[in-house]
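Student: Here it is: the structure, laid out below.
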Amino acid sequence: MSQEKGFLRFASPNERRTITREDLGHYHAVIIAAIYAIPNLTSISELLHAALQECIATHPFLSVVVKDKHTEKPYYQRVSEIKLTEHVETSDVLMAPGLLNRFPDPTECADIVSREMMKHIEGLFRRGLDRPFREGIPPWRVVIVTLPSVSTTSPSSSRHRYFIAFEYSHAIGDGPSGIAFHRTLFSALKKSVFYYKANPSSDLAPQLLEEAVGPTTNQTGMIVKPCEKLFPQAFDTPERLRISWGFLLAPLLGAILPSFVGNLLGLKAQASSTNEGTWTGTPCFFDPKYGAQSKVVLVSIPSEDVNNVIREARKHGAKLTGVIHCLVVRALGRALRSYRDKNDGKGKGMVWEMTNFVGTTAINMRGAVGVPESEMGEFASGVYTTFRVPPLEVVMDEEMRSNGLSDQEWEAARAATLQFADAATRLQDQPIGLLRYVPSIRKWIQGKLGKTRDASYEVSNLGYVDFGHANVTPGGEGEDEVVEVENMFFAQPGHVTSHTINFNIVSTKMGGMVVCITWPTGSLGLEGSEKEEEKFVRGVGDDLAKWFKAF
């Protein structure tokens with residue numbers, strides 16, 4: 001097999017995990033999207049095709065397919081060429097100009113995306129998250145939707161606005177990989193705009209395109225040569241992620257011993273620490289007849305509110321992600337208690353006498369192994385953190401909920417902050433390293449069906465992404481030379497065999513923070529319709545936004 005043309009390397013245990021769950025139909029696309037303002041010099045398709053060639057030349061994972069996905073030894077293979085038309089989907093349907101809130105002064109930024117725009121993007125995400133990738137080509141696609149012009153107060157603006165979503169398999173990259181792609185795309189679009197502006201002819205000279213983004217297989221640039229860079233080594237190797245005997249024996253004995261003995265000894269067959277009082281929604285389930293069914297709710301939080309929380313967190317020795325966990329626990333606790341009171345305790349397997357939530361946190365390990373943030377790949381690990389259910393007066397009393405965090409919550413935020421910082425720099429005893437001791441990844445994943453979920457929720461925070469801000473007045477001088485990113489969005493499918501609900505977060509200077517809440521239909525354990533679930537989650541999101549403002 002290693003002699004097969006294009007063979008690169010076998011997938012690592014964590015890569016096998018992402019490959020197998022996708023092959024089983026449990027999980028398909030990670031989505032990192034952005035709203036771009038781009039000078040109106042030529043068609044967006046022409047600009048995008050030119051820019052994508054630089055992305056492909058920069059990131060080796062965009063030039064590979066996964067072979068033998070159904071086996072325990074899947075591997076990466078480089079393709080001989082990439083047809084851009086197979087990876088780019090465009091829509092020329094303009095949405096109504098009122099769908100995006102703009103400030104009266106056109107020099108100010110659109111800090112909050114309107115509810116109407118959010119619902120439109122939620123629909124795009126629902127379609128993209130659970131859509132399988134085409135067989136035989138690299139598992140990624142770019143979806144572009146034309147938006148209203150950059151300013152409703154300047155109809156003659158020389159820039160158009162586009163929603164550009166990078167949808168990709170987790171087998172070729174983690175969440176930060178999507179940010180790396182958009183940084184390359186942003187840089188390449190600026191370069192393309194420069195060349196197009198210098199050569200306004202509609203028939204761009206092939207040599208200029210080649211000078212800007214590199215050689216292509218054909219003159220139109222629609223068929224591109226694969227990246228020829230050295231393919232990155234896997235992150236989760238035994239040499240990098242060392243596992244001590246003590247860390248290994250607990251889950252091993254927890255899996256081997258009878259459950260009552262394991263419970264007496266405090267041994268778990270997983271790295272999580274759930275117990276009888278942990279809220280985990282319904283047991284893991286999957287119906288191949290219907291496939292994955294992810295639900296999506298978006299929440300937009302202004303930059304001013306985010307900055308206030310960051311300043312307050314620093315005063316208390318905590319960081320933003322730790323505070324977010326506390327607010328998520330508070331919001332979930334309030335919503336679940338309210339639902340219980342309204343429905344007389346009806347729910348599918350719900351734990352009404354909750355004592356705690358177990359949250360997972362995605363950790364970017366690039367810094368720990370000396371890998372630059374600009375590199376795509378699978379460099380994620382995770383940690384489990386137990387949070388006590390806040391007292392009733394904290395989650396239900398309006399006055400208490402309008403004054404930041406309680407002393408107990410600040411203590412929890414500080415402890416979580418220290419735990420995340422330690423995990424991001426420590427290579428020994430990472431939970432993801434235990435996967436190499438699993439005899440069959442496929443059987444392990446399938447064995448989770450019908451079992452209790454390993455956590456209540458996940459927070460995956462990609463942090464603050466700065467693309468720069470040109471401070472150009474819409475319709476003013478120099479606007480036709482500027483490419484800007486206004487907002488960013490991060491989504492991943494609901495998890496079939498893991499935590500109940502995800503909070504996917506990314507922040508920008510112009511667009512504030514966007515929280516994308518995703519969950520598998522039916523995982524929350526609520527009685528009633530899917531609309532009831534969505535109403536429940538929108539209430540959680542509304543509380544998060546309100547409590548950010550309370551700081």
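In the structure tokens, each chain is lettered A, B, ... as it comes, each chain's residues begin at 1, and ligands are numbered from 1 in order of appearance.
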With only C-alpha atoms counted and 12 Å as the cut-off, give the residues of stretch 296-331 of chain A in contact with stretch 351-373 of chain A, each with its shortest interatomic distance in Å and the pair that gives it, as a Markdown table.
Tutor:
```
| residue | atom | partner | partner_atom | distance |
| --- | --- | --- | --- | --- |
| A:Thr321 | CA | A:Thr361 | CA | 8.8 |
| A:Gly322 | CA | A:Thr361 | CA | 9.7 |
| A:Ile324 | CA | A:Thr361 | CA | 10.9 |
| A:His325 | CA | A:Gly359 | CA | 7.5 |
| A:Cys326 | CA | A:Gly359 | CA | 9.9 |
| A:Leu327 | CA | A:Gly359 | CA | 11.8 |
| A:Val328 | CA | A:Gly359 | CA | 9.3 |
| A:Val329 | CA | A:Phe357 | CA | 6.8 |
| A:Arg330 | CA | A:Phe357 | CA | 9.9 |
| A:Ala331 | CA | A:Phe357 | CA | 11.5 |
```
Student: Quick one: write out the picked residues with N, CA, C and O atoms as a CSV table (one decimal), in the first residue's frame?
Tutor:
```csv
chain,number,residue,atom,x,y,z
A,321,THR,N,-12.5,32.5,28.3
A,321,THR,CA,-13.1,31.1,28.2
A,321,THR,C,-13.6,30.6,29.5
A,321,THR,O,-14.7,29.9,29.6
A,322,GLY,N,-12.9,30.8,30.6
A,322,GLY,CA,-13.3,30.4,31.9
A,322,GLY,C,-14.7,31.1,32.3
A,322,GLY,O,-15.5,30.4,32.8
A,324,ILE,N,-16.9,32.2,30.1
A,324,ILE,CA,-17.9,31.7,29.2
A,324,ILE,C,-18.5,30.4,29.8
A,324,ILE,O,-19.7,30.2,29.8
A,325,HIS,N,-17.6,29.5,30.3
A,325,HIS,CA,-18.1,28.3,30.9
A,325,HIS,C,-19.1,28.6,32.0
A,325,HIS,O,-20.1,27.9,32.1
A,326,CYS,N,-18.7,29.5,32.9
A,326,CYS,CA,-19.6,29.8,34.0
A,326,CYS,C,-21.0,30.4,33.5
A,326,CYS,O,-22.0,30.0,34.1
A,327,LEU,N,-21.0,31.2,32.5
A,327,LEU,CA,-22.2,31.7,32.0
A,327,LEU,C,-23.0,30.6,31.3
A,327,LEU,O,-24.2,30.6,31.3
A,328,VAL,N,-22.3,29.7,30.6
A,328,VAL,CA,-23.0,28.6,29.9
A,328,VAL,C,-23.7,27.7,31.0
A,328,VAL,O,-24.9,27.3,30.8
A,329,VAL,N,-23.0,27.4,32.1
A,329,VAL,CA,-23.6,26.6,33.1
A,329,VAL,C,-24.8,27.3,33.8
A,329,VAL,O,-25.8,26.7,34.0
A,330,ARG,N,-24.6,28.6,34.0
A,330,ARG,CA,-25.7,29.3,34.6
A,330,ARG,C,-26.9,29.3,33.6
A,330,ARG,O,-28.1,29.1,34.1
A,331,ALA,N,-26.7,29.6,32.3
A,331,ALA,CA,-27.8,29.6,31.4
A,331,ALA,C,-28.5,28.3,31.2
A,331,ALA,O,-29.7,28.2,31.2
```
Student: Which polymer residues have any atom within 12 Å of an atom of A:Gly136, counting only C-alpha atoms, with same-chain residues fewer than 3 positions away left out, as a compact mmCIF listing (two decimals) with all heavy atoms, in the first residue's frame?
Tutor:
```
# COMPACT_ATOMS: atom_id res chain seq x y z
N SER A 63 -5.04 19.22 -0.62
CA SER A 63 -4.72 18.43 -1.82
C SER A 63 -4.78 16.93 -1.58
O SER A 63 -4.22 16.15 -2.34
CB SER A 63 -3.31 18.80 -2.32
OG SER A 63 -3.23 20.16 -2.68
N VAL A 64 -5.47 16.51 -0.52
CA VAL A 64 -5.46 15.09 -0.20
C VAL A 64 -6.88 14.52 -0.10
O VAL A 64 -7.85 15.25 0.15
CB VAL A 64 -4.73 14.80 1.13
CG1 VAL A 64 -3.30 15.31 1.07
CG2 VAL A 64 -5.47 15.41 2.31
N VAL A 65 -6.96 13.21 -0.32
CA VAL A 65 -8.18 12.45 -0.03
C VAL A 65 -7.82 11.40 1.01
O VAL A 65 -6.64 11.08 1.21
CB VAL A 65 -8.74 11.77 -1.31
CG1 VAL A 65 -9.26 12.81 -2.28
CG2 VAL A 65 -7.69 10.88 -1.96
N VAL A 66 -8.84 10.89 1.68
CA VAL A 66 -8.63 9.82 2.66
C VAL A 66 -9.07 8.51 2.03
O VAL A 66 -10.21 8.38 1.56
CB VAL A 66 -9.43 10.08 3.95
CG1 VAL A 66 -9.20 8.94 4.95
CG2 VAL A 66 -9.05 11.41 4.57
N LYS A 67 -8.19 7.56 2.01
CA LYS A 67 -8.48 6.24 1.43
C LYS A 67 -8.67 5.22 2.55
O LYS A 67 -8.16 5.38 3.66
CB LYS A 67 -7.33 5.80 0.52
CG LYS A 67 -6.96 6.83 -0.55
CD LYS A 67 -8.03 6.99 -1.60
CE LYS A 67 -8.04 5.85 -2.57
NZ LYS A 67 -8.97 6.06 -3.70
N ASP A 68 -9.39 4.14 2.23
CA ASP A 68 -9.67 3.05 3.17
C ASP A 68 -10.33 3.58 4.45
O ASP A 68 -9.99 3.17 5.58
CB ASP A 68 -8.39 2.28 3.52
CG ASP A 68 -7.94 1.37 2.39
OD1 ASP A 68 -8.67 1.28 1.38
OD2 ASP A 68 -6.86 0.77 2.50
N LYS A 69 -11.28 4.48 4.30
CA LYS A 69 -11.95 5.09 5.44
C LYS A 69 -12.70 4.07 6.30
O LYS A 69 -12.89 4.29 7.51
CB LYS A 69 -12.93 6.17 4.97
CG LYS A 69 -12.26 7.39 4.37
CD LYS A 69 -13.27 8.45 3.98
CE LYS A 69 -14.04 8.04 2.74
NZ LYS A 69 -14.90 9.14 2.25
N TYR A 76 -3.76 8.97 4.00
CA TYR A 76 -3.89 10.17 3.18
C TYR A 76 -3.16 9.95 1.85
O TYR A 76 -2.05 9.42 1.81
CB TYR A 76 -3.30 11.39 3.89
CG TYR A 76 -4.08 11.80 5.12
CD1 TYR A 76 -3.65 11.42 6.39
CD2 TYR A 76 -5.24 12.55 5.02
CE1 TYR A 76 -4.35 11.79 7.53
CE2 TYR A 76 -5.95 12.93 6.15
CZ TYR A 76 -5.50 12.54 7.39
OH TYR A 76 -6.21 12.91 8.52
N GLN A 77 -3.81 10.40 0.78
CA GLN A 77 -3.23 10.28 -0.56
C GLN A 77 -3.36 11.62 -1.28
O GLN A 77 -4.42 12.23 -1.28
CB GLN A 77 -3.96 9.18 -1.35
CG GLN A 77 -3.40 8.94 -2.75
CD GLN A 77 -4.25 7.92 -3.50
OE1 GLN A 77 -5.42 8.13 -3.73
NE2 GLN A 77 -3.64 6.80 -3.86
N ARG A 78 -2.25 12.06 -1.88
CA ARG A 78 -2.28 13.31 -2.64
C ARG A 78 -2.93 13.07 -4.00
O ARG A 78 -2.64 12.08 -4.67
CB ARG A 78 -0.86 13.86 -2.82
CG ARG A 78 -0.83 15.19 -3.59
CD ARG A 78 0.59 15.71 -3.75
NE ARG A 78 1.11 16.25 -2.51
CZ ARG A 78 2.21 15.84 -1.91
NH1 ARG A 78 2.92 14.84 -2.43
NH2 ARG A 78 2.62 16.41 -0.78
N VAL A 79 -3.83 13.99 -4.40
CA VAL A 79 -4.47 13.87 -5.71
C VAL A 79 -3.55 14.46 -6.78
O VAL A 79 -2.62 15.22 -6.48
CB VAL A 79 -5.83 14.60 -5.73
CG1 VAL A 79 -6.80 13.94 -4.75
CG2 VAL A 79 -5.67 16.08 -5.42
N SER A 80 -3.81 14.12 -8.03
CA SER A 80 -2.96 14.61 -9.13
C SER A 80 -3.34 16.00 -9.58
O SER A 80 -2.51 16.75 -10.10
CB SER A 80 -3.05 13.66 -10.33
OG SER A 80 -4.39 13.55 -10.78
N GLU A 81 -4.61 16.39 -9.37
CA GLU A 81 -5.06 17.73 -9.73
C GLU A 81 -6.33 18.06 -8.97
O GLU A 81 -7.01 17.17 -8.43
CB GLU A 81 -5.32 17.84 -11.24
CG GLU A 81 -6.43 16.92 -11.74
CD GLU A 81 -6.64 17.03 -13.24
OE1 GLU A 81 -5.70 17.44 -13.94
OE2 GLU A 81 -7.74 16.69 -13.70
N ILE A 82 -6.65 19.35 -8.91
CA ILE A 82 -7.85 19.82 -8.22
C ILE A 82 -8.66 20.68 -9.17
O ILE A 82 -8.15 21.69 -9.69
CB ILE A 82 -7.48 20.62 -6.95
CG1 ILE A 82 -6.69 19.73 -5.98
CG2 ILE A 82 -8.72 21.18 -6.27
CD1 ILE A 82 -6.07 20.49 -4.83
N LYS A 83 -9.90 20.30 -9.40
CA LYS A 83 -10.80 21.08 -10.23
C LYS A 83 -11.58 22.03 -9.32
O LYS A 83 -12.41 21.60 -8.51
CB LYS A 83 -11.76 20.17 -10.99
CG LYS A 83 -11.06 19.24 -11.99
CD LYS A 83 -12.07 18.33 -12.68
CE LYS A 83 -11.38 17.39 -13.65
NZ LYS A 83 -12.34 16.46 -14.32
N GLU A 86 -15.33 21.90 -8.73
CA GLU A 86 -15.88 20.85 -7.87
C GLU A 86 -15.88 21.26 -6.40
O GLU A 86 -16.46 20.56 -5.56
CB GLU A 86 -15.07 19.56 -8.03
CG GLU A 86 -15.17 18.95 -9.42
CD GLU A 86 -14.34 17.69 -9.57
OE1 GLU A 86 -13.31 17.57 -8.86
OE2 GLU A 86 -14.73 16.82 -10.37
N PHE A 133 -19.21 14.99 1.93
CA PHE A 133 -18.35 15.47 0.84
C PHE A 133 -18.33 14.45 -0.28
O PHE A 133 -18.55 13.26 -0.08
CB PHE A 133 -16.93 15.71 1.37
CG PHE A 133 -16.85 16.84 2.36
CD1 PHE A 133 -16.87 16.58 3.72
CD2 PHE A 133 -16.80 18.15 1.93
CE1 PHE A 133 -16.83 17.62 4.64
CE2 PHE A 133 -16.74 19.20 2.83
CZ PHE A 133 -16.77 18.94 4.20
N PRO A 139 -11.81 16.61 0.64
CA PRO A 139 -13.06 16.88 1.36
C PRO A 139 -13.17 18.31 1.89
O PRO A 139 -13.10 18.55 3.10
CB PRO A 139 -13.03 15.85 2.48
CG PRO A 139 -11.58 15.65 2.76
CD PRO A 139 -10.87 15.78 1.44
N TRP A 140 -13.35 19.24 0.99
CA TRP A 140 -13.61 20.62 1.38
C TRP A 140 -14.36 21.33 0.26
O TRP A 140 -14.33 20.90 -0.89
CB TRP A 140 -12.30 21.38 1.68
CG TRP A 140 -11.32 21.47 0.54
CD1 TRP A 140 -10.33 20.59 0.23
CD2 TRP A 140 -11.24 22.51 -0.46
NE1 TRP A 140 -9.64 20.99 -0.89
CE2 TRP A 140 -10.17 22.18 -1.34
CE3 TRP A 140 -11.96 23.68 -0.71
CZ2 TRP A 140 -9.81 22.98 -2.42
CZ3 TRP A 140 -11.60 24.48 -1.79
CH2 TRP A 140 -10.53 24.12 -2.63
```
Student: Hey, which of A:Asp542, A:Asp422, A:Glu378, A:Asp236 ends up closest to A:Leu435? Count only C-alpha atoms.
Tutor: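 Closest candidate: A:Asp236.
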Student: I need the residues in stretch 243-466 of chain A that are alpha helix (DSSP H) according to DSSP; give them as a PyMOL selection string.
Tutor: chain A and resi 245-256+259-265+303-315+320-342+392-396+407-425+441-446
Student: At what distance in Å, to one decimal, does atom CA of A:Met222 lie from atom CA of A:Glu46?
Tutor: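 Atom CA of A:Met222 lies at a distance of 9.5 Å from atom CA of A:Glu46.
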Student: Could you list, as an MDAnalysis selection string, every residue within 8 Å of stretch 115-131 of chain A, counting only C-alpha atoms and ignoring same-chain residues fewer than 3 positions away?
Tutor: chainID A and resid 27:31 99:100 167 292:299 491:493
Student: Give the answer as one residue: which of A:Val143, A:Leu185, A:Ala198, A:Val438 has the shortest atom-to-atom distance to A:Leu248, using only C-alpha atoms?
Tutor: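 Closest residue, counting only C-alpha atoms: A:Val438.
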Student: Near A:Ala415, within 9 Å and counting only C-alpha atoms, which residues show up once chain neighbours fewer than 5 positions away are dropped, as JSON, numbers by chain?
Tutor: {"A": [318, 322, 410, 420]}
Student: Tell me, as a ChimeraX atom specification, which residues lie within 12 Å of A:His316, counting only C-alpha atoms; anything in the same chain fewer than 2 positions away does not count.
Tutor: /A:309-314,318-320,322-323,404-415,417
Student: Please dump the current selection as an mmCIF file, in the first residue's frame; keep C-alpha atoms.
Tutor:
```cif
data_model
loop_
_atom_site.group_PDB
_atom_site.id
_atom_site.type_symbol
_atom_site.label_atom_id
_atom_site.label_comp_id
_atom_site.auth_asym_id
_atom_site.auth_seq_id
_atom_site.Cartn_x
_atom_site.Cartn_y
_atom_site.Cartn_z
ATOM 1 C CA VAL A 309 -16.004 40.947 30.357
ATOM 2 C CA ILE A 310 -12.305 40.537 29.499
ATOM 3 C CA ARG A 311 -11.358 43.524 31.671
ATOM 4 C CA GLU A 312 -13.427 42.236 34.592
ATOM 5 C CA ALA A 313 -11.995 38.731 34.190
ATOM 6 C CA ARG A 314 -8.447 40.072 34.417
ATOM 7 C CA ALA A 318 -9.455 34.652 35.011
ATOM 8 C CA LYS A 319 -9.711 34.653 31.218
ATOM 9 C CA LEU A 320 -12.629 34.869 28.837
ATOM 10 C CA GLY A 322 -13.341 30.410 31.898
ATOM 11 C CA VAL A 323 -16.024 33.074 32.261
ATOM 12 C CA GLY A 404 -21.592 39.771 36.571
ATOM 13 C CA LEU A 405 -20.487 36.588 38.341
ATOM 14 C CA SER A 406 -20.934 35.486 41.941
ATOM 15 C CA ASP A 407 -17.918 34.797 44.150
ATOM 16 C CA GLN A 408 -18.414 31.051 43.603
ATOM 17 C CA GLU A 409 -18.503 31.548 39.834
ATOM 18 C CA TRP A 410 -15.355 33.676 39.814
ATOM 19 C CA GLU A 411 -13.577 30.956 41.780
ATOM 20 C CA ALA A 412 -14.685 28.394 39.174
ATOM 21 C CA ALA A 413 -13.611 30.678 36.301
ATOM 22 C CA ARG A 414 -10.130 31.102 37.830
ATOM 23 C CA ALA A 415 -9.705 27.365 38.362
ATOM 24 C CA THR A 417 -8.441 29.249 33.412
#
```
Student: May I ask which of the residues A:Arg21, A:Lys509, A:Lys289, A:Lys535 is the closest one to A:Glu484, counting only C-alpha atoms?
Tutor: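 Of A:Arg21, A:Lys509, A:Lys289, A:Lys535, the one nearest A:Glu484 is A:Lys509, counting only C-alpha atoms.
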Student: Using Å and a single decimal, report how far atom CA of A:Gly175 sits from atom CA of A:Tyr75.
Tutor: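 About the pair atom CA of A:Tyr75 and atom CA of A:Gly175: they are 21.1 Å apart.
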Student: I need the strand (DSSP E) residues of stretch 240-466 of chain A per DSSP on the backbone, written as a PyMOL selection string.
Tutor: chain A and resi 294-301+356-364+380-388+457-465
Student: Give me a file of those residues, with N, CA, C and O atoms, as a short mmCIF file (atom, residue, chain, number, x, y, z; two decimals), in the first residue's frame.
Tutor:
```cif
data_model
loop_
_atom_site.label_atom_id
_atom_site.label_comp_id
_atom_site.auth_asym_id
_atom_site.auth_seq_id
_atom_site.Cartn_x
_atom_site.Cartn_y
_atom_site.Cartn_z
N SER A 294 -28.20 18.04 12.63
CA SER A 294 -27.71 19.09 13.51
C SER A 294 -28.64 20.29 13.50
O SER A 294 -29.18 20.67 12.46
N LYS A 295 -28.80 20.90 14.66
CA LYS A 295 -29.56 22.14 14.80
C LYS A 295 -28.60 23.27 15.14
O LYS A 295 -27.54 23.05 15.74
N VAL A 296 -28.99 24.49 14.75
CA VAL A 296 -28.08 25.63 14.87
C VAL A 296 -28.83 26.85 15.40
O VAL A 296 -29.93 27.17 14.93
N VAL A 297 -28.22 27.53 16.36
CA VAL A 297 -28.69 28.84 16.83
C VAL A 297 -27.49 29.75 16.95
O VAL A 297 -26.47 29.37 17.55
N LEU A 298 -27.57 30.95 16.37
CA LEU A 298 -26.48 31.91 16.43
C LEU A 298 -26.80 33.04 17.41
O LEU A 298 -27.95 33.49 17.49
N VAL A 299 -25.77 33.48 18.12
CA VAL A 299 -25.90 34.59 19.06
C VAL A 299 -24.79 35.58 18.78
O VAL A 299 -23.61 35.19 18.67
N SER A 300 -25.13 36.86 18.65
CA SER A 300 -24.13 37.90 18.38
C SER A 300 -23.98 38.79 19.61
O SER A 300 -24.97 39.24 20.18
N ILE A 301 -22.73 39.02 20.01
CA ILE A 301 -22.44 39.82 21.20
C ILE A 301 -21.50 40.97 20.80
O ILE A 301 -20.44 40.72 20.22
N ASN A 356 -24.27 18.91 38.97
CA ASN A 356 -23.13 19.45 38.24
C ASN A 356 -23.31 19.35 36.73
O ASN A 356 -24.16 18.59 36.25
N PHE A 357 -22.52 20.10 36.03
CA PHE A 357 -22.34 19.99 34.59
C PHE A 357 -20.88 19.65 34.34
O PHE A 357 -20.00 20.17 35.02
N VAL A 358 -20.62 18.81 33.35
CA VAL A 358 -19.25 18.54 32.92
C VAL A 358 -19.06 19.18 31.54
O VAL A 358 -19.76 18.83 30.59
N GLY A 359 -18.15 20.14 31.48
CA GLY A 359 -17.88 20.83 30.22
C GLY A 359 -16.57 20.36 29.62
O GLY A 359 -15.60 20.11 30.35
N THR A 360 -16.54 20.20 28.30
CA THR A 360 -15.28 19.93 27.63
C THR A 360 -14.81 21.20 26.94
O THR A 360 -15.63 22.03 26.52
N THR A 361 -13.52 21.35 26.84
CA THR A 361 -12.93 22.53 26.21
C THR A 361 -11.91 22.08 25.17
O THR A 361 -10.99 21.31 25.49
N ALA A 362 -12.10 22.51 23.94
CA ALA A 362 -11.13 22.20 22.89
C ALA A 362 -9.87 23.03 23.12
O ALA A 362 -9.96 24.25 23.31
N ILE A 363 -8.72 22.39 23.09
CA ILE A 363 -7.44 23.05 23.35
C ILE A 363 -6.58 22.99 22.09
O ILE A 363 -6.33 21.91 21.55
N ASN A 364 -6.11 24.14 21.65
CA ASN A 364 -5.21 24.23 20.50
C ASN A 364 -3.79 23.96 20.98
O ASN A 364 -3.23 24.74 21.75
N ALA A 380 -5.65 19.39 17.96
CA ALA A 380 -6.55 19.66 19.08
C ALA A 380 -6.47 18.58 20.14
O ALA A 380 -6.32 17.40 19.83
N SER A 381 -6.58 19.00 21.37
CA SER A 381 -6.83 18.08 22.48
C SER A 381 -8.01 18.65 23.25
O SER A 381 -8.67 19.58 22.77
N GLY A 382 -8.27 18.13 24.41
CA GLY A 382 -9.41 18.62 25.17
C GLY A 382 -9.27 18.30 26.63
O GLY A 382 -8.51 17.41 27.03
N VAL A 383 -9.99 19.06 27.44
CA VAL A 383 -10.01 18.82 28.88
C VAL A 383 -11.46 18.79 29.35
O VAL A 383 -12.33 19.40 28.75
N TYR A 384 -11.69 18.07 30.43
CA TYR A 384 -13.00 18.00 31.06
C TYR A 384 -12.96 18.79 32.36
O TYR A 384 -12.01 18.67 33.14
N THR A 385 -13.99 19.59 32.59
CA THR A 385 -14.07 20.40 33.79
C THR A 385 -15.45 20.24 34.40
O THR A 385 -16.46 20.36 33.71
N THR A 386 -15.50 19.99 35.70
CA THR A 386 -16.78 19.85 36.39
C THR A 386 -17.17 21.17 37.05
O THR A 386 -16.36 21.79 37.75
N PHE A 387 -18.38 21.60 36.81
CA PHE A 387 -18.91 22.82 37.41
C PHE A 387 -20.15 22.48 38.23
O PHE A 387 -21.05 21.79 37.74
N ARG A 388 -20.19 22.97 39.45
CA ARG A 388 -21.38 22.77 40.27
C ARG A 388 -22.54 23.59 39.71
O ARG A 388 -22.35 24.67 39.15
N TYR A 457 -21.65 19.53 27.81
CA TYR A 457 -21.53 20.49 26.71
C TYR A 457 -20.06 20.67 26.37
O TYR A 457 -19.16 20.22 27.09
N GLU A 458 -19.80 21.36 25.25
CA GLU A 458 -18.44 21.71 24.87
C GLU A 458 -18.36 23.20 24.58
O GLU A 458 -19.28 23.77 23.98
N VAL A 459 -17.27 23.81 24.98
CA VAL A 459 -16.93 25.17 24.56
C VAL A 459 -15.69 25.08 23.68
O VAL A 459 -14.66 24.56 24.10
N SER A 460 -15.82 25.55 22.45
CA SER A 460 -14.68 25.61 21.53
C SER A 460 -14.53 27.06 21.10
O SER A 460 -15.30 27.57 20.29
N ASN A 461 -13.55 27.73 21.68
CA ASN A 461 -13.36 29.17 21.46
C ASN A 461 -12.12 29.40 20.60
O ASN A 461 -11.00 29.16 21.05
N LEU A 462 -12.32 29.84 19.37
CA LEU A 462 -11.19 30.11 18.47
C LEU A 462 -10.52 31.44 18.77
O LEU A 462 -9.50 31.78 18.16
N GLY A 463 -11.08 32.21 19.71
CA GLY A 463 -10.44 33.44 20.14
C GLY A 463 -10.70 34.61 19.22
O GLY A 463 -11.63 34.62 18.40
N TYR A 464 -9.85 35.61 19.37
CA TYR A 464 -9.98 36.87 18.63
C TYR A 464 -9.15 36.81 17.35
O TYR A 464 -7.97 36.48 17.38
N VAL A 465 -9.78 37.08 16.23
CA VAL A 465 -9.11 37.03 14.94
C VAL A 465 -9.06 38.45 14.37
O VAL A 465 -10.10 39.08 14.16
#
```
Student: So, counting only C-alpha atoms, which residue among A:Leu48, A:Phe231, A:Ile501, A:Thr18 is closest to A:Lys191?
Tutor: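 Under the stated criterion, the closest residue is A:Leu48.
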Student: Counting only C-alpha atoms, figure out which residue out of A:Phe503, A:Trp279, A:Lys315, A:Ala51 gets nearest to A:Tyr195.
Tutor: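 Ranked by minimum distance to A:Tyr195, first place goes to A:Ala51.
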Student: Go through A:Lys342, A:Arg16, A:Lys225, A:Lys73 and flag the residue nearest A:Ile432, using only C-alpha atoms for the distances.
Tutor: A:Arg16
Student: May I ask for the distance between atom CA of A:Ala335 and atom CA of A:Val540, given in Å to one decimal place?
Tutor: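 Computed distance, atom CA of A:Ala335 to atom CA of A:Val540, equals 6.5 Å.
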